[in-house]
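Just protein_7.csv here, CSV, C-alpha atoms:
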chain,number,residue,atom,x,y,z
A,99,MET,CA,-46.4,-31.3,158.0
A,100,PHE,CA,-48.5,-28.2,158.4
A,101,GLY,CA,-47.3,-24.9,156.9
A,102,HIS,CA,-47.6,-21.7,158.8
A,103,SER,CA,-50.9,-20.8,157.1
A,104,ASP,CA,-52.3,-24.2,158.0
A,105,GLU,CA,-51.4,-23.9,161.6
A,106,ALA,CA,-53.0,-20.5,161.8
A,107,ALA,CA,-56.2,-21.9,160.2
A,108,VAL,CA,-56.3,-24.8,162.8
A,109,GLY,CA,-55.8,-22.2,165.6
A,110,GLU,CA,-58.8,-20.2,164.2
A,111,ILE,CA,-61.0,-23.3,164.0
A,112,VAL,CA,-60.2,-24.3,167.5
A,113,ALA,CA,-60.9,-20.7,168.7
A,114,ARG,CA,-64.3,-20.7,166.8
A,115,HIS,CA,-65.2,-24.0,168.4
A,116,ALA,CA,-64.3,-22.6,171.8
A,117,ILE,CA,-66.5,-19.6,171.2
A,118,LEU,CA,-69.4,-21.7,170.0
A,119,ARG,CA,-69.4,-24.0,173.0
A,120,ASN,CA,-69.0,-21.1,175.5
A,121,GLY,CA,-72.1,-21.1,177.6
A,122,ALA,CA,-73.3,-24.4,176.1
A,123,GLY,CA,-74.2,-27.5,178.2
A,124,LYS,CA,-72.0,-30.0,179.9
A,125,GLU,CA,-72.3,-32.5,177.0
A,126,SER,CA,-71.1,-29.8,174.5
A,127,GLU,CA,-68.2,-29.0,176.9
A,128,ARG,CA,-67.2,-32.7,177.1
A,129,ARG,CA,-67.2,-33.1,173.4
A,130,PHE,CA,-65.1,-30.0,172.9
A,131,ARG,CA,-62.5,-31.2,175.4
A,132,ASP,CA,-62.5,-34.7,173.8
A,133,LEU,CA,-61.8,-32.9,170.5
A,134,LEU,CA,-58.9,-31.0,172.0
A,135,GLN,CA,-57.4,-34.2,173.6
A,136,ALA,CA,-57.4,-35.9,170.2
A,137,LEU,CA,-55.4,-33.1,168.6
A,138,PRO,CA,-51.6,-33.6,168.4
A,139,ALA,CA,-51.0,-29.9,169.0
A,140,ALA,CA,-50.6,-28.5,172.5
A,141,ILE,CA,-53.8,-26.6,173.3
A,142,TYR,CA,-55.0,-25.1,176.5
A,143,THR,CA,-57.5,-22.5,177.7
A,144,THR,CA,-57.6,-19.9,180.4
A,145,ASP,CA,-60.1,-17.7,182.1
A,146,ALA,CA,-60.3,-13.9,181.5
A,147,GLU,CA,-57.6,-13.4,184.2
A,148,GLY,CA,-55.2,-15.8,182.6
A,149,ARG,CA,-55.6,-18.8,184.9
A,150,ILE,CA,-55.3,-22.1,183.1
A,151,THR,CA,-58.7,-23.9,183.0
A,152,PHE,CA,-57.8,-26.8,180.7
A,153,PHE,CA,-54.9,-28.4,178.8
A,154,ASN,CA,-54.7,-31.4,176.6
A,155,ARG,CA,-52.2,-34.3,176.8
A,156,ALA,CA,-50.1,-32.8,174.1
A,157,CYS,CA,-49.3,-29.9,176.4
A,158,ILE,CA,-47.6,-32.3,178.8
A,159,ASP,CA,-45.3,-33.6,176.1
A,160,PHE,CA,-44.7,-30.1,174.7
A,161,ALA,CA,-43.8,-28.6,178.1
A,162,GLY,CA,-42.0,-31.6,179.6
A,163,ARG,CA,-44.1,-31.2,182.7
A,164,THR,CA,-47.7,-31.6,183.9
A,165,PRO,CA,-49.2,-28.1,184.3
A,166,LYS,CA,-51.6,-27.3,187.1
A,167,ILE,CA,-55.1,-25.9,186.7
A,168,GLY,CA,-55.0,-22.4,188.0
A,169,GLU,CA,-51.4,-21.6,186.9
A,170,MET,CA,-51.1,-18.3,185.1
A,171,TRP,CA,-50.7,-17.6,181.4
A,172,CYS,CA,-48.9,-20.6,180.0
A,173,VAL,CA,-48.3,-24.3,180.4
A,174,THR,CA,-44.5,-24.0,179.8
A,175,TRP,CA,-41.8,-23.9,182.5
A,176,LYS,CA,-39.6,-21.0,181.3
A,177,LEU,CA,-39.9,-18.8,178.2
A,178,TYR,CA,-37.4,-16.9,176.1
A,179,LEU,CA,-37.5,-14.7,173.0
A,180,PRO,CA,-35.9,-16.1,169.9
A,181,ASP,CA,-32.7,-14.1,170.6
A,182,GLY,CA,-32.4,-15.8,174.0
A,183,THR,CA,-33.7,-13.0,176.1
A,184,PRO,CA,-35.9,-14.3,179.1
A,185,LEU,CA,-39.6,-13.8,178.5
A,186,PRO,CA,-41.7,-13.3,181.7
A,187,HIS,CA,-44.9,-15.3,181.5
A,188,ASP,CA,-47.0,-12.2,182.2
A,189,GLU,CA,-45.5,-10.8,179.0
A,190,CYS,CA,-46.0,-13.9,176.8
A,191,PRO,CA,-48.3,-13.9,173.8
A,192,MET,CA,-51.2,-15.4,175.8
A,193,ALA,CA,-50.9,-12.6,178.4
A,194,ILE,CA,-50.8,-10.0,175.6
A,195,ALA,CA,-53.9,-11.5,174.0
A,196,LEU,CA,-55.9,-11.3,177.2
A,197,LYS,CA,-54.6,-7.9,178.3
A,198,GLU,CA,-55.2,-6.3,175.0
A,199,ASN,CA,-58.3,-8.5,174.1
A,200,ARG,CA,-57.0,-9.4,170.6
A,201,PRO,CA,-55.5,-12.5,168.9
A,202,VAL,CA,-51.7,-12.6,168.6
A,203,ARG,CA,-50.2,-14.0,165.5
A,204,ASP,CA,-46.8,-14.4,163.9
A,205,ALA,CA,-45.0,-14.5,167.2
A,206,GLU,CA,-42.2,-16.9,168.0
A,207,ALA,CA,-40.8,-18.0,171.3
A,208,VAL,CA,-38.6,-20.6,172.9
A,209,ALA,CA,-39.8,-22.8,175.8
A,210,GLU,CA,-37.4,-24.4,178.2
A,211,ARG,CA,-38.4,-27.7,179.8
A,212,PRO,CA,-37.4,-28.7,183.4
A,213,ASP,CA,-34.8,-31.1,182.0
A,214,GLY,CA,-33.1,-28.2,180.2
A,215,SER,CA,-34.1,-29.0,176.7
A,216,ARG,CA,-35.6,-26.2,174.6
A,217,ILE,CA,-38.2,-26.1,171.9
A,218,CYS,CA,-39.0,-23.3,169.4
A,219,PHE,CA,-42.7,-22.7,168.9
A,220,MET,CA,-45.3,-20.4,167.5
A,221,PRO,CA,-48.3,-19.6,169.7
A,222,TYR,CA,-51.8,-18.8,168.5
A,223,PRO,CA,-53.6,-17.2,171.5
A,224,THR,CA,-57.2,-16.1,170.7
A,225,PRO,CA,-59.6,-14.3,173.2
A,226,LEU,CA,-62.9,-15.9,173.9
A,227,ARG,CA,-66.0,-13.8,174.4
A,228,ASP,CA,-69.6,-14.4,175.4
A,229,GLU,CA,-72.6,-13.5,173.4
A,230,GLY,CA,-72.5,-10.0,174.7
A,231,GLY,CA,-68.9,-9.6,173.6
A,232,ARG,CA,-67.5,-9.7,177.1
A,233,LEU,CA,-64.0,-11.3,177.5
A,234,VAL,CA,-64.4,-14.6,179.3
A,235,GLY,CA,-61.0,-16.3,178.5
A,236,ALA,CA,-58.7,-17.4,175.8
A,237,VAL,CA,-57.6,-20.5,173.9
A,238,ASN,CA,-54.0,-21.1,172.8
A,239,MET,CA,-52.3,-23.6,170.4
A,240,LEU,CA,-48.6,-24.1,170.7
A,241,VAL,CA,-46.9,-25.4,167.5
A,242,ASP,CA,-43.5,-26.9,167.7
A,243,ILE,CA,-41.3,-25.3,164.9
A,244,THR,CA,-37.9,-26.6,166.2
A,245,ALA,CA,-37.4,-28.8,163.1
A,246,ARG,CA,-38.4,-25.9,160.8
A,247,LYS,CA,-35.9,-23.6,162.5
A,248,GLN,CA,-33.1,-26.2,162.3
A,249,ILE,CA,-33.8,-26.5,158.6
A,250,GLU,CA,-33.8,-22.7,158.2
A,251,GLN,CA,-30.4,-22.6,160.1
A,252,ARG,CA,-29.0,-25.3,157.9
A,253,MET,CA,-30.2,-23.5,154.8
A,254,MET,CA,-28.5,-20.3,156.0
A,255,LEU,CA,-25.3,-22.1,156.7
A,256,LEU,CA,-25.5,-23.8,153.3
A,257,THR,CA,-26.1,-20.5,151.6
A,258,SER,CA,-23.1,-19.0,153.4
A,259,GLU,CA,-21.0,-21.9,152.4
A,260,VAL,CA,-22.0,-21.7,148.8
A,261,ASP,CA,-21.2,-18.0,148.8
A,262,HIS,CA,-17.8,-18.7,150.3
A,263,ARG,CA,-17.0,-21.5,147.9
A,264,SER,CA,-18.2,-19.5,144.9
A,265,ASN,CA,-16.0,-16.6,145.8
A,266,ASN,CA,-13.1,-18.9,146.4
A,267,LEU,CA,-13.6,-20.7,143.1
A,268,LEU,CA,-13.9,-17.4,141.3
A,269,ALA,CA,-10.7,-16.2,142.9
A,270,VAL,CA,-8.9,-19.4,141.7
A,271,ILE,CA,-10.3,-19.1,138.2
A,272,GLN,CA,-9.2,-15.4,138.1
A,273,ALA,CA,-5.7,-16.5,139.3
A,274,MET,CA,-5.6,-19.2,136.6
A,275,LEU,CA,-6.6,-16.8,133.9
A,276,ARG,CA,-3.8,-14.5,135.0
A,277,LEU,CA,-1.3,-17.3,135.2
A,278,THR,CA,-2.2,-19.0,131.9
A,279,LYS,CA,0.0,-17.8,129.1
A,280,ALA,CA,0.6,-19.1,125.6
A,281,ASP,CA,2.1,-18.1,122.3
A,282,THR,CA,-1.2,-18.5,120.4
A,283,ALA,CA,-4.9,-18.2,121.1
A,284,LYS,CA,-5.4,-21.9,120.4
A,285,GLU,CA,-2.7,-22.9,122.9
A,286,PHE,CA,-4.2,-20.5,125.5
A,287,GLN,CA,-7.7,-22.0,125.0
A,288,ALA,CA,-6.4,-25.6,125.3
A,289,ALA,CA,-4.4,-24.8,128.5
A,290,PHE,CA,-7.2,-22.8,130.2
A,291,GLN,CA,-9.9,-25.4,129.3
A,292,GLY,CA,-7.7,-28.1,130.8
A,293,ARG,CA,-7.3,-26.3,134.0
A,294,LEU,CA,-11.0,-25.5,134.2
A,295,SER,CA,-11.7,-29.2,133.7
A,296,ALA,CA,-9.4,-30.0,136.6
A,297,LEU,CA,-11.3,-27.6,138.8
A,298,ALA,CA,-14.7,-29.0,137.6
A,299,ASN,CA,-13.6,-32.5,138.7
A,300,VAL,CA,-12.8,-31.3,142.2
A,301,GLN,CA,-16.2,-29.5,142.5
A,302,ARG,CA,-17.9,-32.7,141.4
A,303,LEU,CA,-16.1,-34.7,144.1
A,304,PHE,CA,-17.0,-32.1,146.7
A,305,SER,CA,-20.7,-32.3,145.6
A,306,ALA,CA,-20.7,-36.1,145.7
A,307,SER,CA,-19.3,-36.0,149.3
A,308,ARG,CA,-21.8,-33.4,150.4
A,309,TRP,CA,-18.9,-30.9,150.8
A,310,THR,CA,-17.2,-32.9,153.5
A,311,GLY,CA,-14.0,-33.0,151.5
A,312,ALA,CA,-12.3,-34.4,148.3
A,313,SER,CA,-10.4,-37.6,148.2
A,314,LEU,CA,-6.7,-37.0,147.3
A,315,ARG,CA,-6.4,-40.4,145.6
A,316,THR,CA,-9.5,-39.8,143.5
A,317,ILE,CA,-8.2,-36.4,142.4
A,318,VAL,CA,-4.9,-37.9,141.2
A,319,GLU,CA,-6.7,-40.8,139.5
A,320,GLU,CA,-9.2,-38.4,137.8
A,321,GLU,CA,-6.4,-36.2,136.4
A,322,LEU,CA,-4.5,-39.3,135.1
A,323,ARG,CA,-7.6,-40.9,133.6
A,324,PRO,CA,-6.8,-39.6,130.1
A,325,TYR,CA,-3.7,-41.7,130.2
A,326,ALA,CA,-5.5,-44.9,131.2
A,327,SER,CA,-3.6,-47.0,128.7
A,328,ALA,CA,-0.5,-46.3,130.8
A,329,ASP,CA,-2.1,-47.7,134.0
A,330,GLU,CA,0.5,-50.4,134.3
A,331,ARG,CA,3.2,-47.8,134.2
A,332,ILE,CA,1.7,-45.5,136.8
A,333,SER,CA,2.0,-46.1,140.5
A,334,ILE,CA,-0.1,-44.2,143.0
A,335,ILE,CA,1.1,-44.7,146.6
A,336,GLY,CA,-0.3,-43.2,149.8
A,337,ASP,CA,-3.1,-43.5,152.3
A,338,ASP,CA,-6.2,-41.7,151.1
A,339,ILE,CA,-7.0,-38.4,152.9
A,340,ARG,CA,-9.7,-35.8,152.5
A,341,LEU,CA,-8.7,-32.4,151.4
A,342,PRO,CA,-10.4,-29.0,151.9
A,343,ALA,CA,-11.5,-27.0,148.9
A,344,ALA,CA,-8.6,-24.7,148.4
A,345,LEU,CA,-6.0,-27.4,148.8
A,346,ALA,CA,-7.9,-29.9,146.6
A,347,GLN,CA,-8.1,-27.3,143.8
A,348,ALA,CA,-4.4,-26.5,144.0
A,349,ILE,CA,-3.4,-30.1,143.8
A,350,ALA,CA,-5.8,-30.8,141.0
A,351,VAL,CA,-4.4,-28.0,138.9
A,352,ALA,CA,-0.8,-29.0,139.8
A,353,VAL,CA,-1.3,-32.7,138.9
A,354,HIS,CA,-3.1,-31.7,135.7
A,355,GLU,CA,-0.1,-29.5,134.6
A,356,LEU,CA,2.4,-32.2,135.6
A,357,ALA,CA,0.5,-34.8,133.6
A,358,THR,CA,0.1,-32.6,130.6
A,359,ASN,CA,3.9,-31.9,130.6
A,360,ALA,CA,4.7,-35.6,131.1
A,361,ALA,CA,2.5,-36.5,128.1
A,362,LYS,CA,4.2,-33.9,125.9
A,363,TYR,CA,7.8,-34.2,126.9
A,364,GLY,CA,8.2,-36.7,129.8
A,365,SER,CA,7.5,-40.3,130.9
A,366,LEU,CA,4.0,-40.4,129.6
A,367,SER,CA,5.1,-39.5,126.1
A,368,THR,CA,6.8,-42.9,125.5
A,369,PRO,CA,5.9,-46.6,126.1
A,370,SER,CA,8.9,-47.1,128.3
A,371,GLY,CA,8.2,-44.3,130.7
A,372,ARG,CA,7.2,-44.8,134.3
A,373,LEU,CA,5.5,-42.5,136.7
A,374,GLU,CA,5.1,-42.7,140.5
A,375,ILE,CA,3.0,-40.4,142.6
A,376,ARG,CA,3.5,-40.8,146.3
A,377,TRP,CA,2.4,-38.7,149.2
A,378,GLU,CA,2.8,-38.8,153.0
A,379,THR,CA,1.9,-36.8,156.0
A,380,GLY,CA,4.2,-35.7,158.8
A,381,THR,CA,5.0,-33.0,161.3
A,382,ASP,CA,7.4,-31.0,159.2
A,383,ALA,CA,5.2,-31.0,156.2
A,384,PRO,CA,1.6,-31.9,156.9
A,385,LEU,CA,1.3,-33.0,153.3
A,386,MET,CA,4.1,-33.9,150.9
A,387,LEU,CA,3.3,-35.1,147.4
A,388,ARG,CA,6.1,-36.4,145.2
A,389,TRP,CA,5.8,-36.7,141.4
A,390,SER,CA,8.6,-38.9,140.0
A,391,GLU,CA,9.1,-39.7,136.3
A,392,SER,CA,11.6,-42.2,134.9
A,393,GLY,CA,12.2,-44.2,131.7
A,394,GLY,CA,11.1,-41.4,129.4
A,395,PRO,CA,13.1,-39.3,127.0
A,396,ARG,CA,16.3,-37.8,128.5
A,397,ILE,CA,15.6,-34.3,129.7
A,398,LYS,CA,17.5,-31.4,131.1
A,399,GLU,CA,16.4,-28.3,133.1
A,400,PRO,CA,14.7,-25.9,130.7
A,401,THR,CA,16.4,-22.6,130.1
A,402,ARG,CA,13.2,-20.6,130.7
A,403,LYS,CA,10.2,-21.0,133.0
A,404,GLY,CA,7.5,-22.7,131.0
A,405,PHE,CA,3.8,-21.6,131.1
A,406,GLY,CA,2.8,-24.8,133.0
A,407,VAL,CA,5.6,-24.3,135.6
A,408,GLY,CA,4.4,-20.8,136.2
A,409,ALA,CA,0.8,-21.9,136.7
A,410,VAL,CA,1.8,-24.6,139.2
A,411,ASP,CA,4.0,-22.3,141.2
A,412,GLY,CA,1.3,-19.6,141.2
A,413,VAL,CA,-1.5,-21.8,142.5
A,414,ILE,CA,0.6,-23.5,145.1
A,415,GLY,CA,2.0,-20.2,146.2
A,416,THR,CA,-1.5,-18.9,147.0
A,417,LEU,CA,-1.5,-21.5,149.8
A,418,ARG,CA,2.0,-20.6,150.9
A,419,GLY,CA,3.0,-24.1,149.7
A,420,ARG,CA,6.4,-25.0,148.4
A,421,VAL,CA,7.4,-26.5,145.0
A,422,THR,CA,10.8,-28.1,144.4
A,423,ARG,CA,11.9,-29.7,141.1
A,424,ARG,CA,14.9,-31.8,140.1
A,425,TRP,CA,15.4,-32.2,136.4
A,426,ARG,CA,17.2,-35.5,136.3
A,427,PRO,CA,18.2,-36.9,132.9
A,428,GLU,CA,15.9,-40.0,133.5
A,429,GLY,CA,12.9,-37.8,134.4
A,430,LEU,CA,11.4,-34.9,136.4
A,431,VAL,CA,11.0,-35.2,140.2
A,432,CYS,CA,8.6,-32.6,141.6
A,433,GLU,CA,7.7,-32.2,145.3
A,434,LEU,CA,4.7,-30.2,146.5
A,435,SER,CA,4.5,-29.6,150.2
A,436,PHE,CA,2.0,-27.6,152.2
A,437,SER,CA,-0.3,-27.7,155.2
A,438,VAL,CA,-3.2,-30.1,154.8
A,439,THR,CA,-5.4,-27.7,156.7
A,440,ALA,CA,-5.0,-24.9,154.2
A,441,ALA,CA,-8.4,-23.4,153.2

So that I can check it, write out the structure of this file as structure tokens.
Amino acid sequence: MFGHSDEAAVGEIVARHAILRNGAGKESERRFRDLLQALPAAIYTTDAEGRITFFNRACIDFAGRTPKIGEMWCVTWKLYLPDGTPLPHDECPMAIALKENRPVRDAEAVAERPDGSRICFMPYPTPLRDEGGRLVGAVNMLVDITARKQIEQRMMLLTSEVDHRSNNLLAVIQAMLRLTKADTAKEFQAAFQGRLSALANVQRLFSASRWTGASLRTIVEEELRPYASADERISIIGDDIRLPAALAQAIAVAVHELATNAAKYGSLSTPSGRLEIRWETGTDAPLMLRWSESGGPRIKEPTRKGFGVGAVDGVIGTLRGRVTRRWRPEGLVCELSFSVTAA
């Protein structure tokens, strides 16, 4: 693929050939036109008044029509500026090049074909002069840059998305830092690193999916991976769904905290313990996730709100989600409910 400087160089070469053959014999004229026909770029020439005197086959494909010798200024059907403003043909770059007797460079335009399709392009109009320096016409090369503009647009969207996600992730980390509490620096470090690891796993899942979403099942499985020896005691039930970034991050942190608590005090702290994670979607709660422990040490509702509980409530609360807990003697049941479309 030609770069912008390469395209400009080709345009200059074509213009020089046109100048050299100007006034030459018919054989030179034929060879020059054969050369233009062989080029993949749309190239045409005009006389000094702007009437088309020649166009190659690539012009037909470019314009989506067959121009006519004698038409004015350009081989295209309709023209627009990059912002969508209509561009009259007598104000197009070729018209400017002839009227002002100078090459026009670094211009962009949009051509509309008769079928309604549009193509972004860069023109390279160059005046042609005779040996005495008198203007006798011009040659123009039209370079399709539609794919390039689409790539630029995608890059702009990607940059915007990265900025948005970076700001979102930073806000989540700041919230986690504020919500992470501990009695000692060592406990704080362990808690905060664990939560950061949960977020990192989510970012990796989003990257692997090209930012189309994160799998809920994979999030749960990744957070429970450290307890792989308990696989036969862990049940994960629910149709897999893809989650947007904010919701995926919240669930990852919540599941991480629930698993950490279960490993310390609940069903994952003893060989007899069982854990079931089940989720479902519905109209009342677009997403409901139920964490249910059983078979572990007998428990009772704590007299004070633990650090992990505060972190889960805080992260879920940022999405206007709801957390309910039941401290059954046989194990904790925790339900998280929120809109699956939260972002």

Which distance in Å separates atom CA of Ala344 of chain A and atom CA of Leu417 of chain A, to one decimal?
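So the two atoms, atom CA of Ala344 of chain A and atom CA of Leu417 of chain A, lie 7.9 Å apart.
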
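Interatomic distance, atom CA of Arg418 of chain A to atom CA of Phe436 of chain A: 7.1 Å.
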
- Top pick for closest residue to Val173 of chain A, considering A:Leu226, A:Leu240, A:Val202, A:Ala360 and counting only C-alpha atoms: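 Comparing A:Leu226, A:Leu240, A:Val202, A:Ala360 against Val173 of chain A, the winner is A:Leu240.
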
* Asked: What does the distance from atom CA of Gly235 of chain A to atom CA of Gly182 of chain A come to in Å, to one decimal?
  ->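 Computed distance, atom CA of Gly235 of chain A to atom CA of Gly182 of chain A, equals 29.0 Å.
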
**Report entry** Shell of 8 Å around Met192 of chain A, all atoms listed in the file, local chain residues under 6 positions omitted, as a list in words
**Finding:** Gly148, Trp171, Cys172, Val202, Pro221, Pro223, Thr224, Ala236 and Asn238 of chain A

Glu355 of chain A proximity check over A:Arg302, A:Arg340, A:Arg293, A:Arg331, using only C-alpha atoms: winner is A:Arg293

#### Entry: Proximity to Asp181 of chain A - best of A:Ile217, A:Ala207, A:Leu196, A:Ala346, only C-alpha atoms
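The shortest atom-to-atom distance to Asp181 of chain A comes from A:Ala207.
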